[in-house]
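Report on the following structure.
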Amino acid sequence: MTRLEAERRAVVEHASELADLTPARTGNLSVRGEGDDADAFAITPTGVPYDAFDLADVPVVGTDGERVAGEMAPSSEVPMHSAIYRREDVGAIVHTHSPWATALAVADEPLPPIHYMIVAVGKRVPVADYAPYGTDDLAANIVAAMDEADSTAALIENHGLVVTAPDLPTALENTHHVESLARLYLESRSAGLEPQTLSDEQLETVLEKFESYGQ
């Protein structure tokens with residue numbers, strides 16, 4: 001079996017979902033290996049349409065940032081993904097330039113708890129300080145922002161959004177949640193309304209209820 005075959009297959013199967021979230025080829029996603037392979041991850045290749053690569057093309061990168069498999073070069077955001085995997089116990093990462101979340105990012109404005117669904121990623125979505133894309137500095141800023149806010153997502157100043165989760169479907173779903181809430185927040189403000197925020201106590205109640213949500 002090819003190393004991280006299941007994770008590489010997940011990248012192929014879900015990469016096209018980035019097209020609904022981010023312009024052109026500006027997004028990327030990755031899936032971490034399990035067990036003995038937890039020191040590596042499969043990631044979308046750089047500069048390639050989301051439907052233009054197959055399993056053998058998908059790069060596998062160690063959490064040290066070195067490519068260990070795959071016929072195509074990995075995303076330029078490998079430093080961000082590898083830094084998050086080194087420091088956070090997560091199984092998947094999605095990075096987009098989705099328009100509503102990015103609108104907040106370019107304004108350097110965090111997403112406050114205007115709706116209970118924000119608990120999918122935390123109690124707010126912070127903004128990580130700007131640094132050039134694909135750099136260790138950017139990766140460090142993102143990890144610091146998420147840790148400080150106790151969030152699994154962060155806006156990136158003048159850049160976009162990153163969301164982490166235990167698995168790729170959840171990371172993609174939560175990316176949609178953040179984008180939807182960012183739109184709700186900005187549209188209500190543009191209508192002259194003042195969005196109300198939920199208190200920590202109210203959010204804690206939601207978190208308790210979510211423990212028994214679903215099948």
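Labels for the structure tokens follow display order: chains A, B, ..., residues from 1 in each chain, ligands from 1.
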>> For the strand (DSSP E) assignment from backbone DSSP, which residues of chain A qualify? Please present them as a count of residues only.
In response: 32
>> Report as a PyMOL selection string all protein, DNA and RNA residues lying within 10 Å of A:Tyr185, evaluated on only C-alpha atoms, omitting residues in the same chain fewer than 4 positions from it.
In response: chain A and resi 100-101+104+111-115+179-181+189-190+193-196
Restricting the output to N, CA, C and O atoms, write the selected residues as a PDB file, in the first residue's frame.
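Done, and the output landed in part-v3.pdb:
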ATOM      1  N   TRP A 100     -16.291  36.231   2.401  1.00  0.00           N
ATOM      2  CA  TRP A 100     -16.820  36.912   3.581  1.00  0.00           C
ATOM      3  C   TRP A 100     -15.843  36.838   4.748  1.00  0.00           C
ATOM      4  O   TRP A 100     -15.621  37.830   5.457  1.00  0.00           O
ATOM      5  N   ALA A 101     -15.229  35.676   4.942  1.00  0.00           N
ATOM      6  CA  ALA A 101     -14.217  35.569   5.985  1.00  0.00           C
ATOM      7  C   ALA A 101     -13.011  36.445   5.650  1.00  0.00           C
ATOM      8  O   ALA A 101     -12.442  37.103   6.533  1.00  0.00           O
ATOM      9  N   LEU A 104     -13.416  40.102   6.562  1.00  0.00           N
ATOM     10  CA  LEU A 104     -13.062  40.391   7.949  1.00  0.00           C
ATOM     11  C   LEU A 104     -11.542  40.413   8.125  1.00  0.00           C
ATOM     12  O   LEU A 104     -11.002  41.253   8.849  1.00  0.00           O
ATOM     13  N   LEU A 111     -14.114  37.509  14.207  1.00  0.00           N
ATOM     14  CA  LEU A 111     -15.529  37.152  14.122  1.00  0.00           C
ATOM     15  C   LEU A 111     -16.043  36.871  15.524  1.00  0.00           C
ATOM     16  O   LEU A 111     -15.620  35.914  16.174  1.00  0.00           O
ATOM     17  N   PRO A 112     -16.972  37.715  16.031  1.00  0.00           N
ATOM     18  CA  PRO A 112     -17.479  37.529  17.396  1.00  0.00           C
ATOM     19  C   PRO A 112     -18.576  36.467  17.444  1.00  0.00           C
ATOM     20  O   PRO A 112     -19.079  36.030  16.399  1.00  0.00           O
ATOM     21  N   PRO A 113     -18.997  36.065  18.638  1.00  0.00           N
ATOM     22  CA  PRO A 113     -20.022  35.024  18.779  1.00  0.00           C
ATOM     23  C   PRO A 113     -21.440  35.573  18.573  1.00  0.00           C
ATOM     24  O   PRO A 113     -22.206  35.731  19.519  1.00  0.00           O
ATOM     25  N   ILE A 114     -21.788  35.845  17.323  1.00  0.00           N
ATOM     26  CA  ILE A 114     -23.108  36.395  17.000  1.00  0.00           C
ATOM     27  C   ILE A 114     -24.162  35.306  16.835  1.00  0.00           C
ATOM     28  O   ILE A 114     -25.356  35.608  16.768  1.00  0.00           O
ATOM     29  N   HIS A 115     -23.723  34.053  16.754  1.00  0.00           N
ATOM     30  CA  HIS A 115     -24.638  32.930  16.534  1.00  0.00           C
ATOM     31  C   HIS A 115     -24.049  31.713  17.238  1.00  0.00           C
ATOM     32  O   HIS A 115     -22.827  31.548  17.284  1.00  0.00           O
ATOM     33  N   GLU A 179     -17.566  30.820   7.171  1.00  0.00           N
ATOM     34  CA  GLU A 179     -17.887  31.699   6.040  1.00  0.00           C
ATOM     35  C   GLU A 179     -19.332  32.206   6.140  1.00  0.00           C
ATOM     36  O   GLU A 179     -19.611  33.385   5.905  1.00  0.00           O
ATOM     37  N   SER A 180     -20.250  31.316   6.506  1.00  0.00           N
ATOM     38  CA  SER A 180     -21.654  31.711   6.646  1.00  0.00           C
ATOM     39  C   SER A 180     -21.839  32.746   7.753  1.00  0.00           C
ATOM     40  O   SER A 180     -22.572  33.735   7.596  1.00  0.00           O
ATOM     41  N   LEU A 181     -21.164  32.542   8.887  1.00  0.00           N
ATOM     42  CA  LEU A 181     -21.286  33.485  10.002  1.00  0.00           C
ATOM     43  C   LEU A 181     -20.637  34.824   9.668  1.00  0.00           C
ATOM     44  O   LEU A 181     -21.138  35.879  10.078  1.00  0.00           O
ATOM     45  N   ARG A 189     -24.448  44.172   9.607  1.00  0.00           N
ATOM     46  CA  ARG A 189     -23.846  45.486   9.841  1.00  0.00           C
ATOM     47  C   ARG A 189     -24.056  46.426   8.657  1.00  0.00           C
ATOM     48  O   ARG A 189     -24.296  47.626   8.845  1.00  0.00           O
ATOM     49  N   SER A 190     -23.983  45.899   7.451  1.00  0.00           N
ATOM     50  CA  SER A 190     -24.179  46.761   6.272  1.00  0.00           C
ATOM     51  C   SER A 190     -25.612  47.248   6.165  1.00  0.00           C
ATOM     52  O   SER A 190     -25.880  48.268   5.527  1.00  0.00           O
ATOM     53  N   LEU A 193     -27.659  47.417  11.142  1.00  0.00           N
ATOM     54  CA  LEU A 193     -28.026  46.734  12.376  1.00  0.00           C
ATOM     55  C   LEU A 193     -26.781  46.489  13.226  1.00  0.00           C
ATOM     56  O   LEU A 193     -25.657  46.477  12.716  1.00  0.00           O
ATOM     57  N   GLU A 194     -26.990  46.277  14.501  1.00  0.00           N
ATOM     58  CA  GLU A 194     -25.879  46.004  15.411  1.00  0.00           C
ATOM     59  C   GLU A 194     -26.004  44.575  15.924  1.00  0.00           C
ATOM     60  O   GLU A 194     -26.840  44.282  16.789  1.00  0.00           O
ATOM     61  N   PRO A 195     -25.217  43.649  15.374  1.00  0.00           N
ATOM     62  CA  PRO A 195     -25.330  42.249  15.796  1.00  0.00           C
ATOM     63  C   PRO A 195     -25.054  42.091  17.302  1.00  0.00           C
ATOM     64  O   PRO A 195     -24.100  42.672  17.826  1.00  0.00           O
ATOM     65  N   GLN A 196     -25.898  41.330  17.953  1.00  0.00           N
ATOM     66  CA  GLN A 196     -25.715  41.061  19.373  1.00  0.00           C
ATOM     67  C   GLN A 196     -24.831  39.822  19.551  1.00  0.00           C
ATOM     68  O   GLN A 196     -24.896  38.884  18.746  1.00  0.00           O
TER      69      GLN A 196
END
>> Let me make sure I understand: among A:Asp89, A:Asp129, A:Glu173, A:Asp37, which one has the smallest atom-to-atom distance to A:Asp20 if we use only C-alpha atoms?
In response: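 With only C-alpha atoms as the atom set, the closest residue is A:Glu173.
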> Do you have the atom CA of A:Leu168-atom CA of A:Pro110 distance handy?
Replying inline: 23.8 Å
>> Need the shell around A:Leu21: protein/DNA/RNA residues with any atom at most 12 Å away, counting only C-alpha atoms. Skip same-chain ones fewer than 4 positions apart. Format as a VMD selection string?
In response: chain A and resid 15 to 17 25 to 29 94 to 102 160 to 162 172 to 180
Generate a file of the selected residues that holds N, CA, C and O atoms, formatted as a short mmCIF file (atom, residue, chain, number, x, y, z; two decimals), in the first residue's frame.
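Listed below is the output, selection18.cif:
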data_model
loop_
_atom_site.label_atom_id
_atom_site.label_comp_id
_atom_site.auth_asym_id
_atom_site.auth_seq_id
_atom_site.Cartn_x
_atom_site.Cartn_y
_atom_site.Cartn_z
N ALA A 15 -10.92 17.65 -2.62
CA ALA A 15 -10.29 18.89 -3.10
C ALA A 15 -11.24 19.76 -3.91
O ALA A 15 -11.19 20.99 -3.82
N SER A 16 -12.12 19.13 -4.68
CA SER A 16 -13.03 19.91 -5.51
C SER A 16 -13.98 20.78 -4.69
O SER A 16 -14.51 21.78 -5.20
N GLU A 17 -14.17 20.43 -3.40
CA GLU A 17 -15.04 21.23 -2.54
C GLU A 17 -14.43 22.61 -2.26
O GLU A 17 -15.15 23.54 -1.88
N ARG A 25 -7.36 28.76 -7.78
CA ARG A 25 -6.61 27.68 -7.13
C ARG A 25 -5.93 28.17 -5.85
O ARG A 25 -4.84 27.72 -5.49
N THR A 26 -6.60 29.08 -5.14
CA THR A 26 -5.97 29.74 -4.00
C THR A 26 -6.12 29.00 -2.68
O THR A 26 -5.53 29.40 -1.68
N GLY A 27 -6.89 27.94 -2.64
CA GLY A 27 -7.09 27.21 -1.39
C GLY A 27 -6.25 25.94 -1.34
O GLY A 27 -5.69 25.49 -2.34
N ASN A 28 -6.16 25.36 -0.16
CA ASN A 28 -5.46 24.08 -0.01
C ASN A 28 -6.01 23.35 1.21
O ASN A 28 -6.63 23.96 2.08
N LEU A 29 -5.81 22.05 1.23
CA LEU A 29 -6.25 21.24 2.36
C LEU A 29 -5.28 20.10 2.57
O LEU A 29 -4.52 19.73 1.66
N VAL A 94 -7.95 23.03 6.52
CA VAL A 94 -8.47 23.64 5.29
C VAL A 94 -8.11 25.11 5.30
O VAL A 94 -8.32 25.81 6.31
N HIS A 95 -7.56 25.59 4.20
CA HIS A 95 -7.20 27.00 4.06
C HIS A 95 -7.87 27.56 2.82
O HIS A 95 -7.76 26.99 1.74
N THR A 96 -8.59 28.69 2.98
CA THR A 96 -9.30 29.30 1.86
C THR A 96 -9.12 30.82 1.86
O THR A 96 -8.67 31.40 2.84
N HIS A 97 -9.53 31.40 0.73
CA HIS A 97 -9.67 32.85 0.63
C HIS A 97 -11.15 33.17 0.42
O HIS A 97 -11.49 34.03 -0.38
N SER A 98 -12.00 32.48 1.14
CA SER A 98 -13.44 32.65 1.00
C SER A 98 -13.82 34.12 1.26
O SER A 98 -13.30 34.74 2.18
N PRO A 99 -14.70 34.69 0.44
CA PRO A 99 -14.86 36.16 0.41
C PRO A 99 -15.34 36.81 1.69
O PRO A 99 -14.82 37.87 2.07
N TRP A 100 -16.29 36.23 2.40
CA TRP A 100 -16.82 36.91 3.58
C TRP A 100 -15.84 36.84 4.75
O TRP A 100 -15.62 37.83 5.46
N ALA A 101 -15.23 35.68 4.94
CA ALA A 101 -14.22 35.57 5.98
C ALA A 101 -13.01 36.45 5.65
O ALA A 101 -12.44 37.10 6.53
N THR A 102 -12.64 36.48 4.39
CA THR A 102 -11.49 37.29 3.99
C THR A 102 -11.78 38.77 4.13
O THR A 102 -10.88 39.58 4.41
N GLY A 160 -6.76 35.44 4.45
CA GLY A 160 -7.86 34.49 4.32
C GLY A 160 -8.22 33.81 5.62
O GLY A 160 -8.21 34.43 6.69
N LEU A 161 -8.48 32.50 5.54
CA LEU A 161 -9.01 31.73 6.67
C LEU A 161 -8.34 30.38 6.73
O LEU A 161 -8.06 29.76 5.70
N VAL A 162 -8.09 29.88 7.94
CA VAL A 162 -7.64 28.51 8.14
C VAL A 162 -8.50 27.86 9.22
O VAL A 162 -8.82 28.50 10.22
N LEU A 172 -13.94 20.87 6.52
CA LEU A 172 -14.65 21.53 5.42
C LEU A 172 -16.00 22.08 5.88
O LEU A 172 -16.37 23.21 5.55
N GLU A 173 -16.73 21.28 6.66
CA GLU A 173 -18.02 21.74 7.18
C GLU A 173 -17.84 22.99 8.04
O GLU A 173 -18.61 23.96 7.92
N ASN A 174 -16.84 23.00 8.89
CA ASN A 174 -16.62 24.15 9.77
C ASN A 174 -16.13 25.36 9.00
O ASN A 174 -16.38 26.51 9.41
N THR A 175 -15.44 25.14 7.89
CA THR A 175 -15.06 26.26 7.03
C THR A 175 -16.31 26.93 6.48
O THR A 175 -16.40 28.16 6.43
N HIS A 176 -17.28 26.12 6.07
CA HIS A 176 -18.56 26.68 5.60
C HIS A 176 -19.27 27.42 6.74
O HIS A 176 -19.87 28.48 6.51
N HIS A 177 -19.21 26.88 7.96
CA HIS A 177 -19.84 27.57 9.11
C HIS A 177 -19.24 28.96 9.30
O HIS A 177 -19.96 29.95 9.47
N VAL A 178 -17.91 29.03 9.30
CA VAL A 178 -17.25 30.32 9.52
C VAL A 178 -17.60 31.29 8.39
O VAL A 178 -17.90 32.48 8.64
N GLU A 179 -17.57 30.82 7.17
CA GLU A 179 -17.89 31.70 6.04
C GLU A 179 -19.33 32.21 6.14
O GLU A 179 -19.61 33.38 5.90
N SER A 180 -20.25 31.32 6.51
CA SER A 180 -21.65 31.71 6.65
C SER A 180 -21.84 32.75 7.75
O SER A 180 -22.57 33.74 7.60
#
>> From the options A:Val12, A:Ile118, A:Val68, A:Val60, which residue's atoms come nearest to A:Val48, counting only C-alpha atoms?
In response: A:Val12
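The nearest approach to A:Ala40 among the residues A:Glu7, A:Asp54, A:Asp167, A:Glu71, with only C-alpha atoms taken into account, belongs to A:Glu7.
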> So how many Å separate atom CA of A:Glu77 and atom CA of A:Val119, to one decimal?
Replying inline: 26.2 Å
> Which one is closest to A:Val90: A:Ser212, A:Ala171, A:Thr197, A:Val127? Count only C-alpha atoms.
Replying inline: A:Ala171
> Skipping near chain neighbours, those fewer than 4 positions away, what residues fall within 9 Å of A:Val78 using only C-alpha atoms, listed as a PyMOL selection string?
Replying inline: chain A and resi 43+61+63+65-66+74+82-83+134-135
> Which is closest to A:Leu4 among A:Val31, A:Ala153, A:Ala19, A:Ala24, if we use only C-alpha atoms?
Replying inline: A:Val31
Env of A:Ser151: 7 Å cut, atoms = only C-alpha atoms, seq-sep filter 4 positions within chain, self excluded. Answer as a tab-separated table (two decimals) with N, CA and C atoms, in the first residue's frame.
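And here's selection-v3.tsv as it stands now:
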chain	number	residue	atom	x	y	z
A	121	VAL	N	-16.10	25.99	16.15
A	121	VAL	CA	-14.66	26.28	16.09
A	121	VAL	C	-14.14	26.97	17.34
A	122	GLY	N	-15.01	27.35	18.26
A	122	GLY	CA	-14.59	28.06	19.46
A	122	GLY	C	-15.62	29.10	19.85
A	124	ARG	N	-14.91	32.47	19.44
A	124	ARG	CA	-14.71	33.54	18.47
A	124	ARG	C	-13.65	33.07	17.50
A	125	VAL	N	-13.55	33.77	16.38
A	125	VAL	CA	-12.49	33.46	15.41
A	125	VAL	C	-11.52	34.63	15.39
A	146	MET	N	-4.70	31.06	17.27
A	146	MET	CA	-5.65	30.01	17.63
A	146	MET	C	-5.48	29.61	19.09
A	147	ASP	N	-4.23	29.49	19.53
A	147	ASP	CA	-3.99	29.09	20.92
A	147	ASP	C	-4.53	30.15	21.90
>> I want to know what sits within 6 Å of A:Arg8, based on only C-alpha atoms, with residues of the same chain fewer than 2 positions away left out; could you give that as number ranges by chain?
In response: A: 5-6, 10-11, 42, 55, 58
>> To one decimal place in Å, what is the distance between atom CA of A:Lys209 and atom CA of A:Leu186?
In response: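 A separation of 27.4 Å between them.
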Show me, as an mmCIF file with N, CA and C atoms, in the first residue's frame, the residues that have an atom within 9 Å of A:Val143 when counting only C-alpha atoms, minus same-chain residues fewer than 2 positions from it.
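And here's result_34.cif as it stands now:
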data_model
loop_
_atom_site.group_PDB
_atom_site.id
_atom_site.type_symbol
_atom_site.label_atom_id
_atom_site.label_comp_id
_atom_site.auth_asym_id
_atom_site.auth_seq_id
_atom_site.Cartn_x
_atom_site.Cartn_y
_atom_site.Cartn_z
ATOM 1 N N MET A 80 2.704 26.371 6.969
ATOM 2 C CA MET A 80 1.551 26.577 7.834
ATOM 3 C C MET A 80 0.982 25.236 8.298
ATOM 4 N N ALA A 83 3.466 23.349 10.660
ATOM 5 C CA ALA A 83 3.565 23.981 11.983
ATOM 6 C C ALA A 83 2.340 23.671 12.830
ATOM 7 N N ILE A 84 1.172 23.697 12.225
ATOM 8 C CA ILE A 84 -0.051 23.388 12.971
ATOM 9 C C ILE A 84 -0.033 21.933 13.428
ATOM 10 N N ARG A 87 2.209 21.378 16.417
ATOM 11 C CA ARG A 87 1.841 22.008 17.684
ATOM 12 C C ARG A 87 0.418 21.708 18.139
ATOM 13 N N GLU A 88 -0.432 21.222 17.253
ATOM 14 C CA GLU A 88 -1.835 21.012 17.593
ATOM 15 C C GLU A 88 -2.230 19.562 17.313
ATOM 16 N N ALA A 128 -5.041 36.324 12.886
ATOM 17 C CA ALA A 128 -3.593 36.149 13.010
ATOM 18 C C ALA A 128 -2.890 37.293 12.290
ATOM 19 N N LEU A 138 4.345 33.248 9.193
ATOM 20 C CA LEU A 138 2.885 33.180 9.085
ATOM 21 C C LEU A 138 2.357 31.997 9.887
ATOM 22 N N ALA A 139 3.020 30.855 9.754
ATOM 23 C CA ALA A 139 2.590 29.671 10.498
ATOM 24 C C ALA A 139 2.581 29.938 11.993
ATOM 25 N N ALA A 140 3.637 30.585 12.491
ATOM 26 C CA ALA A 140 3.724 30.881 13.923
ATOM 27 C C ALA A 140 2.614 31.829 14.351
ATOM 28 N N ASN A 141 2.298 32.814 13.518
ATOM 29 C CA ASN A 141 1.233 33.770 13.850
ATOM 30 C C ASN A 141 -0.124 33.081 13.943
ATOM 31 N N ALA A 145 -2.407 32.743 17.342
ATOM 32 C CA ALA A 145 -3.755 33.320 17.391
ATOM 33 C C ALA A 145 -4.781 32.275 17.818
ATOM 34 N N MET A 146 -4.701 31.063 17.266
ATOM 35 C CA MET A 146 -5.650 30.010 17.628
ATOM 36 C C MET A 146 -5.478 29.606 19.086
ATOM 37 N N ASP A 147 -4.231 29.490 19.531
ATOM 38 C CA ASP A 147 -3.993 29.094 20.922
ATOM 39 C C ASP A 147 -4.526 30.146 21.895
ATOM 40 N N GLU A 148 -4.265 31.410 21.600
ATOM 41 C CA GLU A 148 -4.701 32.477 22.498
ATOM 42 C C GLU A 148 -6.217 32.542 22.604
ATOM 43 N N ALA A 154 -8.781 30.394 12.445
ATOM 44 C CA ALA A 154 -8.245 31.754 12.533
ATOM 45 C C ALA A 154 -8.376 32.441 11.189
#
> DSSP says alpha helix (DSSP H) for which residues of stretch 153-184 of chain A? Put them as a list of chain:residue names?
Replying inline: A:Leu168, A:Pro169, A:Thr170, A:Ala171, A:Leu172, A:Glu173, A:Asn174, A:Thr175, A:His176, A:His177, A:Val178, A:Glu179, A:Ser180, A:Leu181, A:Ala182, A:Arg183, A:Leu184
> With only C-alpha atoms as the atoms that count, which of A:Ala103, A:Ala73, A:Leu184, A:Ala120 lies nearest to A:Thr152?
Replying inline: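 So, comparing all the options, the nearest one is A:Ala120.
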